[in-house]
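**Student:** Sending over target_18.cif (mmCIF, C-alpha atoms and all ligand atoms).
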data_target
loop_
_atom_site.label_atom_id
_atom_site.label_comp_id
_atom_site.auth_asym_id
_atom_site.auth_seq_id
_atom_site.Cartn_x
_atom_site.Cartn_y
_atom_site.Cartn_z
CA MET A 1 -8.47 -19.03 -12.98
CA GLU A 2 -9.50 -16.39 -15.47
CA VAL A 3 -6.94 -13.73 -16.30
CA ARG A 4 -8.17 -10.57 -17.93
CA THR A 5 -5.93 -7.77 -19.09
CA ARG A 6 -7.73 -4.46 -18.72
CA LYS A 7 -7.76 -2.40 -21.89
CA ILE A 8 -6.20 0.65 -20.37
CA LYS A 9 -2.70 -0.09 -21.39
CA ALA A 10 -0.45 -0.70 -24.29
CA GLU A 11 2.17 -3.26 -23.71
CA ASP A 12 3.19 -4.89 -26.94
CA TYR A 13 6.65 -3.37 -26.55
CA GLN A 14 8.29 -2.46 -23.32
CA ILE A 15 11.68 -1.25 -22.24
CA ARG A 16 13.40 -3.81 -20.08
CA GLY A 17 16.98 -3.33 -18.97
CA GLY A 18 17.48 -0.69 -21.64
CA ARG A 19 16.25 -2.76 -24.57
CA MET A 20 12.92 -3.08 -26.26
CA LYS A 21 11.22 -6.36 -25.83
CA LYS A 22 8.25 -7.63 -27.78
CA CYS A 23 5.24 -8.72 -25.81
CA LYS A 24 1.80 -9.95 -26.85
CA LYS A 25 -0.34 -7.67 -28.96
CA ASN A 26 -3.78 -6.48 -28.07
CA ARG A 27 -5.41 -5.69 -31.40
CA LYS A 28 -8.08 -3.45 -29.92
CA ASN A 29 -5.40 -1.15 -28.58
CA VAL A 30 -3.53 -0.61 -31.82
CA LYS A 31 -3.65 3.18 -31.58
CA LYS A 32 -2.45 3.27 -28.00
CA ILE A 33 0.18 0.68 -28.74
CA THR A 34 1.54 2.71 -31.62
CA LEU A 35 1.76 5.75 -29.39
CA ALA A 36 3.43 3.78 -26.65
CA ASN A 37 5.97 2.43 -29.09
CA GLN A 38 6.79 5.91 -30.24
CA LEU A 39 7.24 7.03 -26.67
CA SER A 40 9.46 4.04 -25.89
CA LEU A 41 11.50 4.71 -29.00
CA LYS A 42 11.86 8.38 -28.09
CA LYS A 43 12.92 7.38 -24.60
CA LEU A 44 15.52 5.04 -26.03
CA LEU A 45 16.80 7.51 -28.60
CA SER A 46 17.14 10.36 -26.12
CA LEU A 47 18.89 8.03 -23.71
CA SER A 48 21.44 6.86 -26.24
CA SER A 49 23.03 10.32 -26.19
CA ASN A 50 23.08 10.56 -22.42
CA SER A 51 25.14 7.97 -20.65
CA GLU A 52 24.16 9.09 -17.15
CA ASN A 53 20.47 8.55 -17.91
CA ASN A 54 21.37 5.39 -19.72
CA SER A 55 22.88 3.91 -16.60
CA GLN A 56 19.76 5.03 -14.73
CA ILE A 57 17.42 3.14 -17.01
CA MET A 58 19.69 0.12 -16.87
CA LYS A 59 19.34 0.30 -13.10
CA LYS A 60 15.58 0.86 -13.06
CA GLU A 61 13.34 -2.03 -13.65
CA CYS A 62 9.81 -3.28 -13.59
CA VAL A 63 7.93 -3.80 -10.33
CA LEU A 64 4.88 -6.04 -9.96
CA VAL A 65 2.36 -4.38 -7.66
CA CYS A 66 -0.03 -7.00 -6.25
CA GLY A 67 -3.12 -5.11 -5.17
CA GLY A 68 -2.09 -2.06 -7.18
CA ALA A 69 -5.66 -0.77 -7.60
CA GLY A 70 -6.09 -0.54 -3.83
CA TYR A 71 -5.53 2.39 -1.54
CA ILE A 72 -1.83 2.08 -0.77
CA GLY A 73 -1.10 0.15 -3.98
CA SER A 74 -2.37 2.94 -6.24
CA HIS A 75 -0.40 5.65 -4.41
CA THR A 76 2.71 3.48 -4.49
CA THR A 77 2.29 2.89 -8.22
CA VAL A 78 2.35 6.67 -8.74
CA GLU A 79 5.53 7.06 -6.71
CA LEU A 80 7.27 4.12 -8.42
CA ILE A 81 6.52 5.62 -11.81
CA ASN A 82 7.68 9.05 -10.60
CA ALA A 83 10.93 7.37 -9.55
CA GLY A 84 11.41 5.91 -13.04
CA TYR A 85 10.19 2.35 -12.59
CA ASP A 86 7.83 0.50 -14.89
CA VAL A 87 4.89 -1.03 -13.07
CA VAL A 88 2.59 -3.98 -13.72
CA VAL A 89 -0.54 -4.08 -11.58
CA VAL A 90 -2.41 -7.23 -10.62
CA ASP A 91 -5.65 -6.92 -8.66
CA ASN A 92 -8.85 -8.91 -8.13
CA PHE A 93 -10.84 -5.71 -7.43
CA SER A 94 -12.39 -7.27 -4.32
CA ASN A 95 -11.95 -4.00 -2.42
CA SER A 96 -10.86 -1.64 -5.19
CA ASP A 97 -11.90 -0.25 -8.53
CA ILE A 98 -10.32 -0.09 -11.97
CA SER A 99 -10.88 3.69 -11.92
CA ALA A 100 -7.97 3.95 -9.45
CA VAL A 101 -5.60 2.56 -12.10
CA GLU A 102 -7.09 4.83 -14.74
CA ASN A 103 -6.49 7.80 -12.45
CA VAL A 104 -2.92 6.72 -11.72
CA ARG A 105 -2.46 6.72 -15.46
CA LYS A 106 -3.86 10.27 -15.62
CA ILE A 107 -1.55 11.47 -12.82
CA THR A 108 1.59 9.90 -14.26
CA GLY A 109 0.88 9.78 -17.99
CA ALA A 110 2.26 6.24 -17.94
CA GLU A 111 0.90 3.14 -19.64
CA ILE A 112 0.22 0.66 -16.88
CA PRO A 113 -0.58 -2.96 -17.65
CA CYS A 114 -3.33 -4.00 -15.25
CA ILE A 115 -4.27 -7.64 -14.94
CA GLU A 116 -7.44 -8.73 -13.24
CA ALA A 117 -6.48 -11.84 -11.33
CA ASP A 118 -6.62 -13.15 -7.80
CA CYS A 119 -3.20 -13.75 -6.25
CA CYS A 120 -4.78 -16.63 -4.31
CA ASP A 121 -5.43 -18.34 -7.64
CA MET A 122 -2.05 -19.89 -8.43
CA GLU A 123 -2.75 -20.63 -12.09
CA ALA A 124 -4.00 -17.13 -12.82
CA PHE A 125 -1.12 -15.60 -10.88
CA ARG A 126 1.45 -17.76 -12.69
CA LYS A 127 0.29 -16.30 -16.02
CA VAL A 128 1.32 -12.85 -14.80
CA PHE A 129 4.83 -14.18 -14.15
CA GLU A 130 4.90 -15.88 -17.55
CA LYS A 131 3.94 -12.69 -19.31
CA TYR A 132 5.90 -9.96 -17.50
CA ASP A 133 9.56 -9.47 -16.85
CA PHE A 134 9.99 -7.95 -13.37
CA ASN A 135 12.52 -8.67 -10.66
CA SER A 136 10.70 -7.01 -7.75
CA ALA A 137 7.20 -7.36 -6.37
CA ILE A 138 5.21 -5.58 -3.69
CA HIS A 139 2.53 -7.51 -1.84
CA PHE A 140 -0.52 -5.38 -0.96
CA ALA A 141 -3.07 -8.01 -1.96
CA ALA A 142 -4.62 -8.56 1.45
CA SER A 143 -7.67 -7.68 3.51
CA LYS A 144 -6.92 -5.02 6.08
CA ALA A 145 -9.66 -4.31 8.60
CA VAL A 146 -9.05 -5.28 12.19
CA GLY A 147 -12.75 -5.37 13.20
CA GLU A 148 -13.82 -7.35 10.12
CA SER A 149 -11.05 -9.88 10.71
CA VAL A 150 -12.51 -10.68 14.14
CA GLN A 151 -15.86 -11.43 12.43
CA LYS A 152 -14.41 -13.32 9.45
CA PRO A 153 -11.12 -14.87 10.54
CA MET A 154 -10.96 -17.59 7.89
CA MET A 155 -11.43 -15.07 5.09
CA TYR A 156 -8.42 -13.20 6.47
CA TYR A 157 -6.22 -16.27 6.92
CA ARG A 158 -7.10 -17.64 3.48
CA ASN A 159 -6.74 -14.41 1.56
CA ASN A 160 -3.77 -12.83 3.29
CA LEU A 161 -1.67 -15.97 3.66
CA THR A 162 -2.46 -17.78 0.40
CA SER A 163 -1.72 -14.75 -1.75
CA LEU A 164 1.68 -14.30 -0.08
CA MET A 165 2.58 -18.00 -0.23
CA ASN A 166 1.74 -18.00 -3.93
CA LEU A 167 3.89 -14.92 -4.47
CA ILE A 168 6.88 -16.45 -2.67
CA ASP A 169 6.52 -19.72 -4.61
CA LEU A 170 6.25 -17.94 -7.96
CA MET A 171 9.17 -15.62 -7.24
CA ARG A 172 11.27 -18.72 -6.63
CA GLU A 173 9.90 -20.66 -9.58
CA PHE A 174 10.65 -17.79 -11.97
CA GLY A 175 13.94 -16.77 -10.37
CA ARG A 176 12.69 -13.32 -9.35
CA GLN A 177 14.34 -11.67 -6.39
CA ASN A 178 12.87 -8.87 -4.33
CA ILE A 179 9.68 -8.77 -2.25
CA VAL A 180 8.45 -5.74 -0.36
CA PHE A 181 5.80 -6.79 2.11
CA SER A 182 2.99 -4.64 3.40
CA SER A 183 3.23 -5.38 7.11
CA SER A 184 1.69 -3.53 9.98
CA CYS A 185 2.33 -2.17 13.44
CA THR A 186 -0.33 -4.65 14.56
CA VAL A 187 2.51 -7.21 14.67
CA TYR A 188 3.59 -5.62 17.97
CA GLY A 189 0.27 -6.55 19.62
CA GLU A 190 -0.37 -4.37 22.66
CA PRO A 191 3.15 -2.98 23.34
CA ASP A 192 4.43 -2.38 26.88
CA LYS A 193 6.43 0.70 25.88
CA GLN A 194 5.98 3.56 23.42
CA PRO A 195 7.19 4.37 20.87
CA VAL A 196 7.88 0.97 19.33
CA THR A 197 11.14 0.24 17.55
CA GLU A 198 11.80 -2.72 15.26
CA LEU A 199 13.38 -4.41 18.29
CA THR A 200 10.20 -4.11 20.37
CA PRO A 201 9.09 -7.73 20.89
CA ARG A 202 6.14 -8.88 18.83
CA LYS A 203 3.47 -9.75 21.38
CA PRO A 204 0.46 -11.97 20.59
CA ALA A 205 -1.66 -10.32 17.92
CA THR A 206 -4.95 -8.85 19.13
CA SER A 207 -6.85 -9.77 15.95
CA PRO A 208 -6.77 -12.37 13.15
CA TYR A 209 -5.66 -9.55 10.84
CA GLY A 210 -2.65 -8.83 13.07
CA ASN A 211 -1.93 -12.53 13.26
CA THR A 212 -1.85 -12.82 9.45
CA LYS A 213 0.77 -10.05 9.39
CA GLN A 214 2.91 -11.81 12.01
CA ILE A 215 2.65 -15.14 10.16
CA SER A 216 3.38 -13.45 6.81
CA GLU A 217 6.54 -11.87 8.22
CA ASP A 218 7.58 -15.33 9.42
CA PHE A 219 6.93 -16.81 5.96
CA LEU A 220 9.25 -14.21 4.48
CA ARG A 221 11.97 -14.47 7.13
CA ASP A 222 12.06 -18.26 6.79
CA SER A 223 11.83 -18.27 2.98
CA VAL A 224 14.66 -15.77 2.63
CA ALA A 225 16.77 -17.87 5.02
CA ALA A 226 16.07 -21.02 3.01
CA TYR A 227 16.18 -19.72 -0.57
CA GLU A 228 19.30 -17.83 -1.57
CA GLY A 229 17.74 -16.02 -4.50
CA LEU A 230 15.16 -14.16 -2.39
CA LYS A 231 15.42 -10.82 -0.58
CA SER A 232 12.66 -9.08 1.30
CA ILE A 233 11.79 -5.93 3.20
CA ALA A 234 8.76 -5.86 5.48
CA LEU A 235 7.40 -2.36 6.02
CA ARG A 236 5.47 -2.12 9.26
CA TYR A 237 2.96 0.62 8.53
CA PHE A 238 1.32 2.60 11.21
CA ASN A 239 -2.07 4.10 10.19
CA PRO A 240 -2.12 5.26 6.56
CA ILE A 241 -4.57 8.10 5.87
CA GLY A 242 -5.15 10.91 3.36
CA ALA A 243 -5.13 11.03 -0.40
CA HIS A 244 -2.97 12.06 -3.34
CA PRO A 245 -2.57 15.87 -3.63
CA SER A 246 -4.31 15.72 -7.04
CA ALA A 247 -7.45 14.32 -5.30
CA LEU A 248 -7.67 11.83 -8.17
CA ILE A 249 -6.90 8.80 -5.99
CA GLY A 250 -7.59 8.07 -2.35
CA GLU A 251 -9.16 5.48 -0.11
CA LEU A 252 -12.19 3.92 -1.81
CA PRO A 253 -13.66 1.29 0.49
CA ARG A 254 -16.49 -0.89 -0.79
CA GLY A 255 -19.60 -0.64 1.38
CA VAL A 256 -19.43 0.71 4.92
CA PRO A 257 -15.90 1.91 5.71
CA GLN A 258 -14.10 -0.12 8.37
CA ASN A 259 -11.35 2.43 9.03
CA LEU A 260 -11.60 5.71 10.85
CA VAL A 261 -10.75 8.36 8.25
CA PRO A 262 -12.99 7.12 5.40
CA TYR A 263 -15.82 6.89 7.95
CA VAL A 264 -15.06 10.46 9.02
CA THR A 265 -15.03 11.81 5.45
CA GLN A 266 -18.20 9.92 4.49
CA THR A 267 -19.94 11.29 7.61
CA ALA A 268 -18.81 14.81 6.71
CA ALA A 269 -20.16 14.24 3.19
CA GLY A 270 -23.55 13.17 4.61
CA ILE A 271 -23.28 9.56 3.40
CA ARG A 272 -23.08 8.20 6.95
CA GLU A 273 -25.30 9.67 9.61
CA CYS A 274 -23.00 9.52 12.58
CA LEU A 275 -19.44 8.46 13.33
CA SER A 276 -19.04 6.06 16.26
CA ILE A 277 -15.93 6.57 18.35
CA PHE A 278 -15.10 3.15 19.65
CA GLY A 279 -14.37 3.71 23.33
CA ASP A 280 -13.57 6.76 25.46
CA ASP A 281 -12.67 4.83 28.59
CA TYR A 282 -9.21 3.56 27.67
CA ASN A 283 -6.21 4.38 29.78
CA THR A 284 -5.11 7.28 27.56
CA PRO A 285 -5.21 11.06 28.21
CA ASP A 286 -8.67 11.54 26.60
CA GLY A 287 -9.85 7.93 26.88
CA SER A 288 -9.79 7.18 23.13
CA CYS A 289 -7.24 4.98 21.31
CA ILE A 290 -3.95 6.43 20.07
CA ARG A 291 -2.41 5.80 16.64
CA ASP A 292 0.41 7.12 14.47
CA TYR A 293 -1.35 8.45 11.36
CA ILE A 294 0.91 8.47 8.32
CA ASP A 295 0.20 10.22 5.05
CA VAL A 296 -0.39 7.72 2.24
CA THR A 297 1.96 9.50 -0.20
CA ASP A 298 4.72 9.50 2.41
CA LEU A 299 4.04 5.81 2.92
CA ALA A 300 4.12 5.17 -0.83
CA LYS A 301 7.58 6.77 -0.97
CA ALA A 302 8.80 4.34 1.69
CA HIS A 303 8.07 1.53 -0.79
CA VAL A 304 10.19 3.23 -3.43
CA ALA A 305 13.02 3.54 -0.91
CA ALA A 306 12.68 -0.17 -0.08
CA ILE A 307 12.70 -1.21 -3.74
CA ASN A 308 15.69 1.07 -4.44
CA ARG A 309 17.54 -0.46 -1.51
CA MET A 310 17.14 -3.99 -2.83
CA VAL A 311 17.63 -3.16 -6.51
CA GLU A 312 20.80 -1.21 -5.71
CA GLY A 313 22.12 -4.09 -3.55
CA LYS A 314 22.18 -1.97 -0.39
CA SER A 315 20.34 -4.37 1.94
CA GLU A 316 22.42 -5.24 4.99
CA GLU A 317 20.42 -8.42 5.56
CA ARG A 318 18.39 -10.35 3.00
CA TYR A 319 15.32 -9.92 5.21
CA GLU A 320 14.84 -6.54 6.84
CA VAL A 321 12.04 -4.75 8.69
CA PHE A 322 11.31 -1.05 9.04
CA ASN A 323 8.70 0.91 10.97
CA VAL A 324 6.94 3.36 8.69
CA GLY A 325 5.36 6.02 10.87
CA THR A 326 5.74 9.64 11.90
CA GLY A 327 6.72 9.15 15.55
CA ARG A 328 3.63 11.13 16.64
CA GLY A 329 0.74 9.60 18.59
CA VAL A 330 -2.72 11.12 17.96
CA SER A 331 -5.92 10.04 19.73
CA VAL A 332 -9.15 9.30 17.86
CA LEU A 333 -10.83 12.32 19.47
CA GLU A 334 -7.88 14.57 18.57
CA LEU A 335 -8.01 13.38 14.97
CA VAL A 336 -11.75 13.99 14.72
CA ASN A 337 -11.37 17.50 16.16
CA LYS A 338 -8.45 18.29 13.88
CA PHE A 339 -10.44 17.14 10.85
CA GLN A 340 -13.26 19.53 11.76
CA GLU A 341 -10.85 22.41 12.38
CA VAL A 342 -8.71 22.00 9.29
CA ASN A 343 -11.62 21.51 6.92
CA ASN A 344 -14.08 23.78 8.66
CA VAL A 345 -16.79 21.13 8.73
CA LYS A 346 -19.03 19.87 11.52
CA LEU A 347 -18.97 16.17 12.20
CA ASN A 348 -21.80 14.25 13.80
CA TYR A 349 -20.24 11.74 16.20
CA LYS A 350 -21.07 9.71 19.31
CA ILE A 351 -19.15 7.60 21.78
CA ALA A 352 -19.78 3.90 21.19
CA PRO A 353 -18.53 0.73 22.94
CA ARG A 354 -14.96 -0.45 22.40
CA ARG A 355 -14.27 -2.38 19.20
CA ALA A 356 -13.04 -5.96 19.58
CA GLY A 357 -9.42 -6.48 18.54
CA ASP A 358 -8.33 -2.83 18.98
CA ILE A 359 -4.88 -2.03 20.33
CA ILE A 360 -5.13 0.77 22.92
CA ALA A 361 -2.14 2.86 21.88
CA ILE A 362 0.74 2.55 19.47
CA TRP A 363 3.10 4.91 17.72
CA ALA A 364 6.39 4.48 15.92
CA ASP A 365 9.99 5.19 16.55
CA PRO A 366 10.86 5.70 12.85
CA THR A 367 14.61 6.27 13.44
CA ARG A 368 15.69 3.16 11.55
CA ALA A 369 13.65 4.08 8.46
CA ASN A 370 14.94 7.67 8.70
CA THR A 371 18.60 6.75 8.96
CA VAL A 372 19.00 3.38 7.25
CA LEU A 373 16.32 3.55 4.57
CA GLY A 374 16.77 7.29 4.07
CA TRP A 375 13.02 7.87 4.27
CA LYS A 376 11.12 10.34 6.44
CA ALA A 377 7.44 11.30 6.75
CA GLU A 378 7.06 14.82 5.40
CA ARG A 379 3.44 15.86 5.36
CA THR A 380 1.74 17.33 8.42
CA ILE A 381 -1.44 15.79 9.78
CA GLU A 382 -3.29 18.98 8.79
CA GLU A 383 -2.22 18.63 5.14
CA THR A 384 -3.15 14.97 5.22
CA LEU A 385 -6.61 15.53 6.70
CA ALA A 386 -7.22 18.29 4.15
CA SER A 387 -6.26 15.87 1.36
CA ALA A 388 -8.65 13.21 2.72
CA TRP A 389 -11.53 15.69 2.60
CA ALA A 390 -10.52 17.01 -0.84
CA TRP A 391 -10.65 13.44 -2.14
CA GLU A 392 -14.09 12.73 -0.62
CA LYS A 393 -15.42 16.01 -2.08
CA HIS A 394 -13.97 15.14 -5.48
CA LEU A 395 -15.63 11.69 -5.33
CA ARG A 396 -19.05 13.06 -4.37
CA GLY A 397 -18.92 16.18 -6.50
CA ILE A 398 -19.09 18.46 -3.42
CA LYS A 399 -17.86 22.03 -4.00
N1 LIG B 1 -12.31 3.93 14.97
C1 LIG B 1 -13.44 4.54 15.45
N2 LIG B 1 -14.53 4.58 14.65
C2 LIG B 1 -14.56 4.04 13.41
C3 LIG B 1 -13.39 3.41 12.93
C4 LIG B 1 -12.29 3.37 13.74
O1 LIG B 1 -13.45 5.03 16.58
O2 LIG B 1 -15.61 4.10 12.74
C5 LIG B 1 -11.12 3.89 15.83
C6 LIG B 1 -10.62 2.49 16.11
O3 LIG B 1 -11.31 1.92 17.19
C7 LIG B 1 -9.14 2.76 16.37
C8 LIG B 1 -8.81 3.94 15.46
O4 LIG B 1 -10.05 4.54 15.14
O5 LIG B 1 -8.96 3.13 17.67
C9 LIG B 1 -8.14 3.53 14.17
O6 LIG B 1 -8.92 2.51 13.59
P1 LIG B 1 -8.72 2.04 12.08
O7 LIG B 1 -9.75 0.99 11.82
O8 LIG B 1 -8.73 3.22 11.17
O9 LIG B 1 -7.26 1.49 12.09
P2 LIG B 1 -6.60 0.31 12.93
O10 LIG B 1 -5.64 0.93 13.88
O11 LIG B 1 -7.58 -0.61 13.49
O12 LIG B 1 -5.84 -0.50 11.79
C10 LIG B 1 -5.35 0.20 10.71
C11 LIG B 1 -5.58 -0.56 9.43
C12 LIG B 1 -4.66 -1.64 9.33
C13 LIG B 1 -3.27 -1.22 9.67
C14 LIG B 1 -3.24 -0.62 11.01
C15 LIG B 1 -1.85 -0.25 11.42
O13 LIG B 1 -6.89 -1.04 9.36
O14 LIG B 1 -4.68 -2.14 8.04
O15 LIG B 1 -4.04 0.48 10.95
O16 LIG B 1 -1.00 -0.38 10.41
F1 LIG B 1 -2.47 -2.28 9.67
#
Can you dump the structure from the file as structure tokens?
Ligand code: UFG

**Tutor:**
Amino acid sequence: MEVRTRKIKAEDYQIRGGRMKKCKKNRKNVKKITLANQLSLKKLLSLSSNSENNSQIMKKECVLVCGGAGYIGSHTTVELINAGYDVVVVDNFSNSDISAVENVRKITGAEIPCIEADCCDMEAFRKVFEKYDFNSAIHFAASKAVGESVQKPMMYYRNNLTSLMNLIDLMREFGRQNIVFSSSCTVYGEPDKQPVTELTPRKPATSPYGNTKQISEDFLRDSVAAYEGLKSIALRYFNPIGAHPSALIGELPRGVPQNLVPYVTQTAAGIRECLSIFGDDYNTPDGSCIRDYIDVTDLAKAHVAAINRMVEGKSEERYEVFNVGTGRGVSVLELVNKFQEVNNVKLNYKIAPRRAGDIIAIWADPTRANTVLGWKAERTIEETLASAWAWEKHLRGIK
């Protein structure tokens, strides 16, 4: 129920729809607030003599990023700000750290209101809607590890579904319009054919995590059909990896990493003794699972494209889905070898039993995102694996 506003921002005045709007004051931040006001004023003054920019700021708006301190949320916040949006972050820091928001602020130079609240806590979440004037929200506030979800299914159902239901209810209650949803290729289950398109049938999910993503998509599809004011885009991510080119933000899992690349980088850094490769006896060319690894900054840009599409009224349907992947399938063993090659490091690894809930192979046909959304993955897997290692080295102070 508690809502805490982190003192890393200045928000007593903000530009909304081209006008300055007074918000609550935070006395401890007087200096920052004064600076922010000056910046806002400057922005307004310079815009008044430039009608093209003026129409741009009228078009741009504020986006609520639920889970904005997390891995994909923090990278998306950077790209939204780069694209000219204002951002408000809400996060419960269950699997993230405030330092990510501070570093986003360093990268962008923007003042970012960051509210510590749990999106599953309706009263706390409502206060965010009462305080901030945004018309679009992105839902990242969910747990995301396939293996963990098999061990703790109720945690996944409660967290992932409640936070989204609350968001949908509040968007309606406050007359806000656009929701981008962080979906996943796990909604396809174990596909019969590769690569998967958005028309590939969703088969039964292989894990509670995957099931929460299928159910969440259904919540959105049905809500948009029932409530005229809502629009939504579900982005079905393939496997996000890597870090921001600045190495100031990246994946920061709490405790033992559940996902492959943070386990790889922590093993290379000597924090984990040995990487386990879960299964080398699958029906794939080298026996290990195949995924479509997508650079996190590329993925972040897909969110900007989705927000732009809704804000600019370009959606063809009020609920749309897009695959966000590269179109390239890479096995776990190939990825591990590439990481060693690109970064010139030796990785201690062993073959371990299969992990429950794993899909054997999946990669994207990203044609719809490329042509309709106007988004395309740009970074190579080599660049991405180098960025993942640069981030781990930065974190651990390794030269
Ligand atoms: N793997 C290992 N060893 C590890 C961790 C993972 O061999 O220590 C293997 C897995 O078995 C799998 C592959 O590496 O074959 C990728 O596993 P991840 O846990 O990194 O990723 P998943 O494919 O299970 O799921 C991830 C995210 C989800 C996301 C999904 C696709 O966890 O949030 O990609 O979008 F939804």

**Student:** Write out as lines of an AutoDock Vina configuration file an axis-aligned box for ligand LIG 1 (chain B): all of its atoms listed in the file, 3 Å added on each side, centre and edge lengths in Å with one decimal.

**Tutor:**
center_x = -8.3
center_y = 1.4
center_z = 12.9
size_x = 20.6
size_y = 13.3
size_z = 15.6

**Student:** Looking at all atoms listed in the file, which of A:Cys119, A:Tyr209, A:Met165, A:Thr76 is the one that sits closest to A:Ser143?

**Tutor:**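 Nearest to A:Ser143: A:Tyr209.
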
**Student:** What does the distance between atom CA of A:Arg172 and atom CA of A:Ala302 come to in Å, to one decimal place?

**Tutor:**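 Between atom CA of A:Arg172 and atom CA of A:Ala302 the gap is 24.6 Å.
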
**Student:** Dump the neighbourhood of ligand LIG 1 (chain B) as a PDB file with C-alpha atoms, in the coordinates of the input: all residues within 9 Å, distances computed on only C-alpha atoms and all ligand atoms.

**Tutor:**
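As a result, pocket_38.pdb now contains:
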ATOM      1  CA  SER A 143      -7.670  -7.680   3.510  1.00  0.00           C
ATOM      2  CA  LYS A 144      -6.920  -5.020   6.080  1.00  0.00           C
ATOM      3  CA  ALA A 145      -9.660  -4.310   8.600  1.00  0.00           C
ATOM      4  CA  VAL A 146      -9.050  -5.280  12.190  1.00  0.00           C
ATOM      5  CA  GLY A 147     -12.750  -5.370  13.200  1.00  0.00           C
ATOM      6  CA  SER A 182       2.990  -4.640   3.400  1.00  0.00           C
ATOM      7  CA  SER A 183       3.230  -5.380   7.110  1.00  0.00           C
ATOM      8  CA  SER A 184       1.690  -3.530   9.980  1.00  0.00           C
ATOM      9  CA  CYS A 185       2.330  -2.170  13.440  1.00  0.00           C
ATOM     10  CA  THR A 186      -0.330  -4.650  14.560  1.00  0.00           C
ATOM     11  CA  VAL A 187       2.510  -7.210  14.670  1.00  0.00           C
ATOM     12  CA  TYR A 209      -5.660  -9.550  10.840  1.00  0.00           C
ATOM     13  CA  GLY A 210      -2.650  -8.830  13.070  1.00  0.00           C
ATOM     14  CA  LYS A 213       0.770 -10.050   9.390  1.00  0.00           C
ATOM     15  CA  ARG A 236       5.470  -2.120   9.260  1.00  0.00           C
ATOM     16  CA  TYR A 237       2.960   0.620   8.530  1.00  0.00           C
ATOM     17  CA  PHE A 238       1.320   2.600  11.210  1.00  0.00           C
ATOM     18  CA  ASN A 239      -2.070   4.100  10.190  1.00  0.00           C
ATOM     19  CA  PRO A 240      -2.120   5.260   6.560  1.00  0.00           C
ATOM     20  CA  ILE A 241      -4.570   8.100   5.870  1.00  0.00           C
ATOM     21  CA  PRO A 257     -15.900   1.910   5.710  1.00  0.00           C
ATOM     22  CA  GLN A 258     -14.100  -0.120   8.370  1.00  0.00           C
ATOM     23  CA  ASN A 259     -11.350   2.430   9.030  1.00  0.00           C
ATOM     24  CA  LEU A 260     -11.600   5.710  10.850  1.00  0.00           C
ATOM     25  CA  VAL A 261     -10.750   8.360   8.250  1.00  0.00           C
ATOM     26  CA  PRO A 262     -12.990   7.120   5.400  1.00  0.00           C
ATOM     27  CA  TYR A 263     -15.820   6.890   7.950  1.00  0.00           C
ATOM     28  CA  VAL A 264     -15.060  10.460   9.020  1.00  0.00           C
ATOM     29  CA  LEU A 275     -19.440   8.460  13.330  1.00  0.00           C
ATOM     30  CA  SER A 276     -19.040   6.060  16.260  1.00  0.00           C
ATOM     31  CA  ILE A 277     -15.930   6.570  18.350  1.00  0.00           C
ATOM     32  CA  PHE A 278     -15.100   3.150  19.650  1.00  0.00           C
ATOM     33  CA  GLY A 279     -14.370   3.710  23.330  1.00  0.00           C
ATOM     34  CA  SER A 288      -9.790   7.180  23.130  1.00  0.00           C
ATOM     35  CA  CYS A 289      -7.240   4.980  21.310  1.00  0.00           C
ATOM     36  CA  ILE A 290      -3.950   6.430  20.070  1.00  0.00           C
ATOM     37  CA  ARG A 291      -2.410   5.800  16.640  1.00  0.00           C
ATOM     38  CA  ASP A 292       0.410   7.120  14.470  1.00  0.00           C
ATOM     39  CA  TYR A 293      -1.350   8.450  11.360  1.00  0.00           C
ATOM     40  CA  VAL A 324       6.940   3.360   8.690  1.00  0.00           C
ATOM     41  CA  SER A 331      -5.920  10.040  19.730  1.00  0.00           C
ATOM     42  CA  VAL A 332      -9.150   9.300  17.860  1.00  0.00           C
ATOM     43  CA  LEU A 333     -10.830  12.320  19.470  1.00  0.00           C
ATOM     44  CA  ILE A 351     -19.150   7.600  21.780  1.00  0.00           C
ATOM     45  CA  ALA A 352     -19.780   3.900  21.190  1.00  0.00           C
ATOM     46  CA  ARG A 354     -14.960  -0.450  22.400  1.00  0.00           C
ATOM     47  CA  ARG A 355     -14.270  -2.380  19.200  1.00  0.00           C
ATOM     48  CA  ALA A 356     -13.040  -5.960  19.580  1.00  0.00           C
ATOM     49  CA  GLY A 357      -9.420  -6.480  18.540  1.00  0.00           C
ATOM     50  CA  ASP A 358      -8.330  -2.830  18.980  1.00  0.00           C
ATOM     51  CA  ILE A 359      -4.880  -2.030  20.330  1.00  0.00           C
ATOM     52  CA  ILE A 360      -5.130   0.770  22.920  1.00  0.00           C
ATOM     53  CA  ALA A 361      -2.140   2.860  21.880  1.00  0.00           C
ATOM     54  CA  ILE A 362       0.740   2.550  19.470  1.00  0.00           C
TER      55      ILE A 362
END

**Student:** Using only C-alpha atoms, which of A:Ala268, A:Val63, A:Ala69, A:Ala300 sits nearest A:Pro253?

**Tutor:**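 Closest residue, counting only C-alpha atoms: A:Ala69.
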
**Student:** Would you compute the distance between atom CA of A:Ala225 and atom CA of A:Met171? Give it in Å to one decimal.

**Tutor:**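 Distance reported for this atom pair: 14.6 Å.
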
**Student:** Using only C-alpha atoms, which protein or nucleic acid residues come within 12 Å of A:Ser387? Drop anything in the same chain fewer than 3 positions from it, and give the result as a VMD selection string.

**Tutor:** chain A and resid 241 to 251 261 to 262 265 295 to 297 339 342 to 343 379 to 384 390 to 394
